[in-house]
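Here is final-v1.tsv, consisting of TSV, C-alpha atoms:
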chain	number	residue	atom	x	y	z
X	420	MET	CA	92.46	70.24	119.73
X	421	GLY	CA	91.75	69.83	116.02
X	422	ARG	CA	94.45	69.29	113.44
X	423	CYS	CA	95.01	71.11	110.16
X	424	ALA	CA	94.72	69.31	106.81
X	425	ILE	CA	98.00	68.20	105.25
X	426	GLN	CA	98.97	67.41	101.66
X	427	LEU	CA	102.22	65.47	101.36
X	428	VAL	CA	103.43	66.25	97.83
X	429	THR	CA	105.78	63.56	96.56
X	430	GLY	CA	107.13	62.38	93.22
X	431	PRO	CA	110.38	62.06	91.25
X	432	ALA	CA	112.85	64.93	91.11
X	433	GLY	CA	111.93	67.41	88.38
X	434	SER	CA	108.32	66.27	88.15
X	435	GLY	CA	106.95	69.71	89.05
X	436	LYS	CA	106.17	69.34	92.77
X	437	SER	CA	107.23	72.88	93.70
X	438	THR	CA	105.29	74.33	90.77
X	439	TYR	CA	102.24	72.34	91.89
X	440	CYS	CA	102.55	73.82	95.39
X	441	HIS	CA	102.92	77.35	94.04
X	442	ILE	CA	99.97	77.05	91.68
X	443	LEU	CA	97.66	75.74	94.42
X	444	GLN	CA	98.74	78.51	96.76
X	445	GLU	CA	97.99	81.15	94.11
X	446	HIS	CA	94.68	79.47	93.26
X	447	GLY	CA	93.57	79.54	96.89
X	448	LEU	CA	94.13	83.29	97.08
X	449	ALA	CA	92.30	83.86	93.80
X	450	MET	CA	89.13	82.02	94.82
X	451	GLY	CA	85.93	83.99	95.39
X	452	PRO	CA	85.31	85.80	98.71
X	453	LYS	CA	83.18	83.01	100.17
X	454	HIS	CA	85.63	80.27	99.24
X	455	ARG	CA	88.99	81.99	99.50
X	456	ARG	CA	91.52	80.26	101.73
X	457	ARG	CA	95.16	80.51	102.60
X	458	LEU	CA	97.16	77.46	101.61
X	459	HIS	CA	100.36	77.35	103.64
X	460	VAL	CA	103.28	75.68	101.86
X	461	VAL	CA	106.04	73.95	103.82
X	462	ASN	CA	109.43	73.07	102.34
X	463	LEU	CA	110.56	69.67	103.61
X	464	ASP	CA	113.31	69.29	101.01
X	465	PRO	CA	116.71	70.09	102.56
X	466	ALA	CA	118.23	70.20	99.06
X	467	ALA	CA	115.83	72.82	97.68
X	468	GLU	CA	117.37	75.94	96.17
X	469	HIS	CA	114.68	78.03	94.53
X	470	PHE	CA	110.89	77.99	94.68
X	471	ARG	CA	108.21	80.55	93.94
X	472	TYR	CA	105.75	79.91	96.76
X	473	ASP	CA	105.65	81.71	100.11
X	474	VAL	CA	107.18	79.38	102.68
X	475	ALA	CA	105.35	78.79	105.96
X	476	PHE	CA	108.40	77.10	107.45
X	477	ASP	CA	111.50	75.52	105.96
X	478	ILE	CA	113.50	72.43	106.95
X	479	ARG	CA	116.65	74.26	105.86
X	480	ASP	CA	116.28	76.33	109.04
X	481	LEU	CA	116.98	73.06	110.85
X	482	VAL	CA	119.39	71.31	108.48
X	483	SER	CA	120.39	71.64	104.83
X	484	VAL	CA	122.15	69.45	102.30
X	485	ASP	CA	124.77	72.12	101.57
X	486	ASP	CA	125.78	72.35	105.22
X	487	VAL	CA	126.00	68.57	105.58
X	488	MET	CA	128.11	68.27	102.41
X	489	ASP	CA	130.52	70.91	103.69
X	490	GLU	CA	130.81	69.59	107.24
X	491	LEU	CA	130.67	65.81	106.72
X	492	GLN	CA	132.08	65.59	103.19
X	493	LEU	CA	129.15	63.47	101.99
X	494	GLY	CA	127.75	63.37	98.47
X	495	PRO	CA	124.36	64.87	97.55
X	496	ASN	CA	122.31	61.70	98.07
X	497	GLY	CA	124.08	60.72	101.28
X	498	SER	CA	123.65	64.25	102.61
X	499	LEU	CA	119.93	64.20	101.83
X	500	VAL	CA	119.44	60.92	103.67
X	501	TYR	CA	121.43	62.29	106.60
X	502	CYS	CA	119.22	65.42	106.69
X	503	MET	CA	116.00	63.41	106.74
X	504	GLU	CA	117.33	61.11	109.46
X	505	TYR	CA	118.37	64.23	111.41
X	506	LEU	CA	114.79	65.45	111.12
X	507	LEU	CA	113.59	62.14	112.57
X	508	GLN	CA	115.81	62.77	115.58
X	509	ASN	CA	114.43	66.30	115.96
X	510	MET	CA	110.72	65.82	115.31
X	511	ASP	CA	109.93	68.30	118.07
X	512	TRP	CA	110.95	71.01	115.57
X	513	LEU	CA	108.28	69.81	113.15
X	514	GLU	CA	105.67	69.42	115.88
X	515	GLU	CA	106.24	72.96	117.18
X	516	ASN	CA	105.77	74.41	113.69
X	517	LEU	CA	102.66	72.36	112.97
X	518	ASP	CA	101.08	73.42	116.27
X	519	ASN	CA	100.92	76.99	114.93
X	520	TYR	CA	98.08	76.03	112.58
X	521	ASP	CA	94.44	75.50	113.54
X	522	ASP	CA	92.06	72.82	112.35
X	523	ASP	CA	90.56	75.07	109.66
X	524	GLU	CA	93.93	75.70	108.00
X	525	TYR	CA	95.57	73.81	105.17
X	526	LEU	CA	99.21	72.81	104.76
X	527	ILE	CA	100.92	71.62	101.58
X	528	ILE	CA	104.25	69.94	102.34
X	529	ASP	CA	106.75	69.94	99.48
X	530	CYS	CA	108.72	66.71	100.03
X	531	PRO	CA	112.10	65.62	98.61
X	532	GLY	CA	112.17	64.03	95.18
X	533	GLN	CA	114.63	61.19	95.85
X	534	ILE	CA	112.63	58.01	95.34
X	535	GLU	CA	114.74	55.94	97.74
X	536	LEU	CA	113.17	57.88	100.63
X	537	TYR	CA	109.83	56.28	99.78
X	538	THR	CA	111.05	52.78	98.90
X	539	HIS	CA	113.95	51.01	100.60
X	540	ILE	CA	114.76	53.77	103.13
X	541	PRO	CA	111.72	54.11	105.43
X	542	VAL	CA	112.32	57.76	106.32
X	543	MET	CA	109.01	59.15	105.04
X	544	ASN	CA	107.10	56.23	106.56
X	545	LYS	CA	108.51	57.08	109.98
X	546	ILE	CA	107.61	60.74	109.56
X	547	ILE	CA	104.06	59.80	108.59
X	548	ASP	CA	103.79	57.41	111.56
X	549	GLN	CA	104.79	60.25	113.89
X	550	LEU	CA	102.22	62.56	112.31
X	551	ARG	CA	99.60	59.90	113.00
X	552	LEU	CA	100.64	59.79	116.66
X	553	TRP	CA	100.15	63.57	116.79
X	554	GLY	CA	96.56	63.21	115.63
X	555	TYR	CA	96.83	63.93	111.89
X	556	ASN	CA	95.79	60.45	110.74
X	557	ASP	CA	92.43	61.53	109.27
X	558	ASN	CA	93.77	64.80	107.88
X	559	MET	CA	96.61	63.62	105.62
X	560	VAL	CA	96.62	62.87	101.91
X	561	SER	CA	99.48	61.86	99.65
X	562	VAL	CA	99.73	63.63	96.28
X	563	PHE	CA	102.10	61.91	93.85
X	564	VAL	CA	103.19	64.19	90.99
X	565	ILE	CA	104.57	62.76	87.76
X	566	ASP	CA	105.61	64.47	84.53
X	567	ALA	CA	102.91	64.24	81.83
X	568	THR	CA	105.55	63.96	79.12
X	569	PHE	CA	105.80	60.32	80.22
X	570	VAL	CA	102.39	59.83	78.59
X	571	THR	CA	103.93	60.12	75.13
X	572	ASP	CA	105.93	56.91	75.72
X	573	PRO	CA	103.90	53.84	76.82
X	574	ALA	CA	106.92	52.18	78.44
X	575	LYS	CA	107.68	55.28	80.51
X	576	PHE	CA	104.02	55.69	81.45
X	577	ILE	CA	103.82	52.10	82.68
X	578	SER	CA	107.02	52.64	84.66
X	579	GLY	CA	105.60	55.80	86.21
X	580	SER	CA	102.37	54.00	87.06
X	581	LEU	CA	104.33	51.28	88.84
X	582	LEU	CA	106.23	53.94	90.77
X	583	ALA	CA	102.96	55.63	91.78
X	584	LEU	CA	101.56	52.29	92.95
X	585	SER	CA	104.71	51.62	94.99
X	586	ALA	CA	104.47	55.04	96.68
X	587	MET	CA	100.78	54.55	97.46
X	588	ILE	CA	101.37	51.15	99.08
X	589	SER	CA	104.41	52.38	100.98
X	590	MET	CA	102.86	55.55	102.45
X	591	GLN	CA	99.48	53.99	103.33
X	592	LEU	CA	97.56	57.24	103.00
X	593	PRO	CA	94.63	58.46	100.89
X	594	HIS	CA	96.38	58.92	97.56
X	595	VAL	CA	95.94	61.08	94.46
X	596	ASN	CA	98.15	60.87	91.36
X	597	VAL	CA	98.59	64.11	89.41
X	598	LEU	CA	99.99	64.51	85.91
X	599	SER	CA	101.93	67.77	85.84
X	600	LYS	CA	103.11	69.78	82.82
X	601	CYS	CA	100.01	68.86	80.82
X	602	ASP	CA	100.31	72.18	79.03
X	603	LEU	CA	103.47	70.80	77.37
X	604	VAL	CA	101.80	67.66	75.99
X	605	GLU	CA	99.43	67.29	73.05
X	606	GLU	CA	95.98	66.92	74.61
X	607	ALA	CA	94.78	64.25	72.18
X	608	SER	CA	97.80	62.03	72.88
X	609	MET	CA	97.35	62.37	76.63
X	610	GLU	CA	93.63	61.62	76.52
X	611	ARG	CA	94.23	58.57	74.36
X	612	VAL	CA	96.49	57.05	77.00
X	613	LEU	CA	94.33	58.04	79.98
X	614	GLU	CA	91.21	56.57	78.38
X	615	MET	CA	92.74	53.10	78.15
X	616	GLU	CA	90.88	50.62	80.36
X	617	SER	CA	93.97	48.74	81.48
X	618	ALA	CA	97.76	48.79	81.34
X	619	LEU	CA	97.73	45.63	79.20
X	620	GLN	CA	95.42	47.32	76.70
X	621	LEU	CA	97.76	50.31	76.60
X	622	TRP	CA	100.75	48.09	75.90
X	623	ASP	CA	98.91	45.97	73.32
X	624	ILE	CA	97.76	49.00	71.34
X	625	LEU	CA	100.64	51.46	71.71
X	626	GLY	CA	103.62	49.32	72.64
X	627	ASN	CA	104.70	48.50	69.03
X	628	HIS	CA	105.87	45.08	70.22
X	629	SER	CA	103.57	43.09	67.97
X	630	ASN	CA	104.19	45.08	64.79
X	631	ASN	CA	107.23	43.66	63.00
X	632	SER	CA	107.23	46.46	60.45
X	633	GLY	CA	107.17	49.21	63.06
X	634	PRO	CA	109.92	50.44	65.33
X	635	SER	CA	111.29	48.00	67.86
X	636	SER	CA	110.04	48.31	71.42
X	637	LEU	CA	113.67	48.01	72.43
X	638	GLN	CA	114.62	51.04	70.38
X	639	PRO	CA	115.27	53.28	73.44
X	640	TYR	CA	117.82	50.70	74.65
X	641	GLN	CA	119.65	49.94	71.42
X	642	HIS	CA	122.49	52.25	72.42
X	643	LEU	CA	123.43	49.64	75.03
X	644	ASN	CA	124.40	47.28	72.19
X	645	PRO	CA	126.73	48.93	69.62
X	646	ASN	CA	125.92	46.25	67.04
X	647	ALA	CA	122.13	46.39	67.42
X	648	ALA	CA	121.64	48.92	64.64
X	649	SER	CA	123.46	46.80	62.07
X	650	ALA	CA	122.15	43.39	63.14
X	651	SER	CA	119.77	42.02	60.55
X	652	VAL	CA	120.40	38.30	59.96
X	653	GLY	CA	121.86	35.21	61.56
X	654	ALA	CA	122.48	34.42	65.19
X	655	GLU	CA	122.79	38.05	66.25
X	656	SER	CA	119.36	38.82	64.88
X	657	ASN	CA	117.88	35.82	66.68
X	658	ALA	CA	119.51	36.84	69.95
X	659	ARG	CA	118.09	40.31	69.59
X	660	ALA	CA	114.61	38.91	68.95
X	661	GLU	CA	114.94	36.71	72.03
X	662	ARG	CA	115.94	39.69	74.19
X	663	GLU	CA	113.04	41.68	72.83
X	664	GLY	CA	110.67	38.82	73.58
X	665	ARG	CA	111.86	38.62	77.19
X	666	TRP	CA	111.54	42.37	77.58
X	667	ASN	CA	107.97	42.31	76.24
X	668	ARG	CA	107.01	39.45	78.55
X	669	LEU	CA	108.42	41.36	81.51
X	670	THR	CA	106.46	44.46	80.51
X	671	GLU	CA	103.27	42.42	80.18
X	672	ALA	CA	103.85	40.97	83.65
X	673	ILE	CA	104.23	44.50	85.07
X	674	CYS	CA	101.04	45.57	83.29
X	675	SER	CA	99.22	42.59	84.80
X	676	LEU	CA	100.41	43.65	88.25
X	677	LEU	CA	99.03	47.15	87.72
X	678	ASP	CA	95.73	45.73	86.44
X	679	ASP	CA	95.47	43.33	89.39
X	680	TYR	CA	95.56	46.25	91.83
X	681	SER	CA	93.40	48.41	89.55
X	682	MET	CA	94.10	51.39	91.79
X	683	VAL	CA	96.32	53.63	89.66
X	684	GLY	CA	94.69	56.58	87.95
X	685	PHE	CA	95.91	60.06	87.09
X	686	ILE	CA	94.34	63.52	87.17
X	687	PRO	CA	95.74	65.92	84.56
X	688	LEU	CA	96.89	69.32	85.78
X	689	ASN	CA	97.17	72.20	83.34
X	690	ILE	CA	98.57	75.17	85.26
X	691	SER	CA	97.20	77.59	82.67
X	692	ASP	CA	93.61	76.37	83.18
X	693	GLU	CA	91.85	77.47	86.38
X	694	ASP	CA	89.20	74.76	86.00
X	695	SER	CA	91.92	72.11	85.85
X	696	ILE	CA	93.54	73.46	89.01
X	697	ALA	CA	90.19	73.64	90.80
X	698	HIS	CA	89.41	70.04	89.81
X	699	VAL	CA	92.71	68.76	91.20
X	700	LEU	CA	92.26	70.65	94.47
X	701	ALA	CA	88.67	69.45	94.84
X	702	THR	CA	89.76	65.85	94.25
X	703	VAL	CA	92.47	66.08	96.90
X	704	ASP	CA	90.06	67.77	99.34
X	705	HIS	CA	87.53	65.00	98.79
X	706	ALA	CA	90.11	62.35	99.68
X	707	ILE	CA	90.17	63.64	103.28
X	708	GLN	CA	86.67	65.24	103.32
X	709	TYR	CA	88.24	68.65	103.82
X	710	GLY	CA	85.74	71.51	104.00
X	711	GLU	CA	82.62	69.48	104.74
X	712	ASP	CA	82.32	71.05	108.20
X	713	LEU	CA	83.52	74.47	106.98
X	714	GLU	CA	81.14	75.02	104.06
X	715	VAL	CA	78.21	76.47	105.99
X	716	ARG	CA	80.43	78.72	108.07
X	717	GLY	CA	82.20	80.00	104.95
X	718	ALA	CA	78.92	81.07	103.38
X	719	ASP	CA	78.20	83.35	106.33
X	720	TYR	CA	81.48	85.22	106.14
X	721	ASP	CA	82.45	88.05	103.87
X	722	ASP	CA	85.85	88.77	102.35
X	723	GLY	CA	87.13	90.24	105.58
X	724	GLY	CA	86.27	87.16	107.60
X	725	GLU	CA	83.52	88.88	109.67
X	726	ALA	CA	79.93	87.72	109.87
X	727	GLU	CA	77.49	89.54	107.66

Once you've parsed the file, please lay out its structure as structure tokens.
Amino acid sequence: MGRCAIQLVTGPAGSGKSTYCHILQEHGLAMGPKHRRRLHVVNLDPAAEHFRYDVAFDIRDLVSVDDVMDELQLGPNGSLVYCMEYLLQNMDWLEENLDNYDDDEYLIIDCPGQIELYTHIPVMNKIIDQLRLWGYNDNMVSVFVIDATFVTDPAKFISGSLLALSAMISMQLPHVNVLSKCDLVEEASMERVLEMESALQLWDILGNHSNNSGPSSLQPYQHLNPNAASASVGAESNARAEREGRWNRLTEAICSLLDDYSMVGFIPLNISDEDSIAHVLATVDHAIQYGEDLEVRGADYDDGGEAE
């Protein structure tokens, strides 16, 4: 029996994962008659409250963060971890729902946004390993969504790139990084960052660390030191310069790590641009060769799904 294609949509909380799922679902329905397809969206976030997409099935029917908080008196993060571990103990629920979809169907799984689930707590890795055992190994792709407003700050962008690299290595799947909320960012600024050839080049040009007359690269962290704003001479000024030097060297080391892997790239997604949405979907499809065996059949079918 064939297996349906699966997108595992991950990324930090608030990065726009649910919006991404909704936009792709709407785009699939709006495609032309010969290419139209139904994208089924699954909610795998037990802490989710509101989303705009039509849900194929929902983990909250099995367990929810609110119920765990009420019954076990755990905090939000502890309850989320408990829910995901509960899912691991009841994977037959997930298997039964997945078996309802044929090999020509397409699932987008909206995953939780807590980063610890993809780093030091191997919950998602175990779920992915089980999906492999069920025969989905060649049909899964990881989509990591990050907020495009990070692009306006080189330090944040480098941090986000490191996070994307960590998720890619941890999940061990075909991987696509998507910049969400591009409609909220100045296009020229975003393109300038994305066109950089390396993370070190980005930091050298935009990091402001080598320009003594410009703003300090430690400026976002000056609130941690109440005296930083007034320090100008003497030992305090030297100590500040030393801290800044260490911070810059650490950033350069992180940039070198990203450049050594040379595997982190981002695809911009503008939800108000159909071409942008189509490009993202085509890129993700290509990662798992989805549609290569469906293309000829699709051309012979009309809007009602019957042969012409």

Query raised in the report: If we count all atoms listed in the file, what is near X:Phe685 at a cut-off of 7 Å, once residues fewer than 3 positions away on the same chain are taken out, given as a ChimeraX atom specification?
Result: /X:596-598

Requested in this report: Can you pull out every residue within 9 Å of stretch 527-536 of chain X, counting only C-alpha atoms, but drop anything in the same chain fewer than 4 positions away, and send it as a ChimeraX atom specification?
Outcome: /X:424-434,436-437,440,443-444,458-467,496,499-500,503,540-544,582,586

Report task. Rank nothing, just name the residue among X:Thr702, X:Gln591, X:Thr670, X:Ser599 nearest to X:Leu621, using only C-alpha atoms. Result ->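 Checking each of X:Thr702, X:Gln591, X:Thr670, X:Ser599 against X:Leu621, counting only C-alpha atoms, the winner is X:Thr670.
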
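Taking atom CA of X:Ala706 as the reference point, atom CA of X:Asp521 is found at 19.6 Å.
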
Where does stretch 662-700 of chain X meet stretch 560-578 of chain X within 9 Å, residue by residue, with the nearest atom pair and distance in Å to one decimal for each, counting only C-alpha atoms, listed by chain and rising number, as JSON lines?
{"residue": "X:Thr670", "atom": "CA", "partner": "X:Ala574", "partner_atom": "CA", "distance": 8.0}
{"residue": "X:Ile673", "atom": "CA", "partner": "X:Ile577", "partner_atom": "CA", "distance": 8.0}
{"residue": "X:Cys674", "atom": "CA", "partner": "X:Ile577", "partner_atom": "CA", "distance": 7.1}
{"residue": "X:Leu677", "atom": "CA", "partner": "X:Ile577", "partner_atom": "CA", "distance": 8.5}
{"residue": "X:Pro687", "atom": "CA", "partner": "X:Ala567", "partner_atom": "CA", "distance": 7.9}
{"residue": "X:Leu688", "atom": "CA", "partner": "X:Ala567", "partner_atom": "CA", "distance": 8.8}

Keeping only C-alpha atoms, write the selected residues to a file as a PDB file, keeping the file's coordinate frame.
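out38.pdb written:
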ATOM      1  CA  THR X 670     106.460  44.460  80.510  1.00  0.00           C
ATOM      2  CA  ILE X 673     104.230  44.500  85.070  1.00  0.00           C
ATOM      3  CA  CYS X 674     101.040  45.570  83.290  1.00  0.00           C
ATOM      4  CA  LEU X 677      99.030  47.150  87.720  1.00  0.00           C
ATOM      5  CA  PRO X 687      95.740  65.920  84.560  1.00  0.00           C
ATOM      6  CA  LEU X 688      96.890  69.320  85.780  1.00  0.00           C
TER       7      LEU X 688
END

**Report entry** Between atom CA of X:Ile478 and atom CA of X:Leu526 - distance in Å to one decimal
**Finding:** 14.5 Å

Because the input lacks atoms here, generate N, CA and C atoms for stretch 593-605 of chain X and report them as a PDB file, in the coordinates of the input.
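Result went into result11.pdb, see below:
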ATOM      1  N   PRO X 593      95.451  58.100 102.054  1.00  0.00           N
ATOM      2  CA  PRO X 593      94.630  58.460 100.890  1.00  0.00           C
ATOM      3  C   PRO X 593      95.542  59.058  99.826  1.00  0.00           C
ATOM      4  N   HIS X 594      95.355  58.663  98.579  1.00  0.00           N
ATOM      5  CA  HIS X 594      96.380  58.920  97.560  1.00  0.00           C
ATOM      6  C   HIS X 594      95.749  59.462  96.286  1.00  0.00           C
ATOM      7  N   VAL X 595      96.378  60.497  95.733  1.00  0.00           N
ATOM      8  CA  VAL X 595      95.940  61.080  94.460  1.00  0.00           C
ATOM      9  C   VAL X 595      97.166  61.236  93.571  1.00  0.00           C
ATOM     10  N   ASN X 596      97.077  60.724  92.344  1.00  0.00           N
ATOM     11  CA  ASN X 596      98.150  60.870  91.360  1.00  0.00           C
ATOM     12  C   ASN X 596      97.834  62.027  90.427  1.00  0.00           C
ATOM     13  N   VAL X 597      98.788  62.919  90.247  1.00  0.00           N
ATOM     14  CA  VAL X 597      98.590  64.110  89.410  1.00  0.00           C
ATOM     15  C   VAL X 597      99.604  64.115  88.282  1.00  0.00           C
ATOM     16  N   LEU X 598      99.117  64.333  87.067  1.00  0.00           N
ATOM     17  CA  LEU X 598      99.990  64.510  85.910  1.00  0.00           C
ATOM     18  C   LEU X 598     100.301  65.983  85.742  1.00  0.00           C
ATOM     19  N   SER X 599     101.535  66.376  85.988  1.00  0.00           N
ATOM     20  CA  SER X 599     101.930  67.770  85.840  1.00  0.00           C
ATOM     21  C   SER X 599     102.395  68.050  84.410  1.00  0.00           C
ATOM     22  N   LYS X 600     102.596  69.319  84.115  1.00  0.00           N
ATOM     23  CA  LYS X 600     103.110  69.780  82.820  1.00  0.00           C
ATOM     24  C   LYS X 600     102.231  69.354  81.649  1.00  0.00           C
ATOM     25  N   CYS X 601     100.923  69.262  81.894  1.00  0.00           N
ATOM     26  CA  CYS X 601     100.010  68.860  80.820  1.00  0.00           C
ATOM     27  C   CYS X 601      99.931  69.911  79.718  1.00  0.00           C
ATOM     28  N   ASP X 602     100.309  71.143  80.040  1.00  0.00           N
ATOM     29  CA  ASP X 602     100.310  72.180  79.030  1.00  0.00           C
ATOM     30  C   ASP X 602     101.425  71.984  78.010  1.00  0.00           C
ATOM     31  N   LEU X 603     102.368  71.065  78.285  1.00  0.00           N
ATOM     32  CA  LEU X 603     103.470  70.800  77.370  1.00  0.00           C
ATOM     33  C   LEU X 603     103.235  69.573  76.508  1.00  0.00           C
ATOM     34  N   VAL X 604     102.092  68.909  76.687  1.00  0.00           N
ATOM     35  CA  VAL X 604     101.800  67.660  75.990  1.00  0.00           C
ATOM     36  C   VAL X 604     100.573  67.850  75.109  1.00  0.00           C
ATOM     37  N   GLU X 605     100.591  67.239  73.937  1.00  0.00           N
ATOM     38  CA  GLU X 605      99.430  67.290  73.050  1.00  0.00           C
ATOM     39  C   GLU X 605      98.233  66.640  73.746  1.00  0.00           C
TER      40      GLU X 605
END
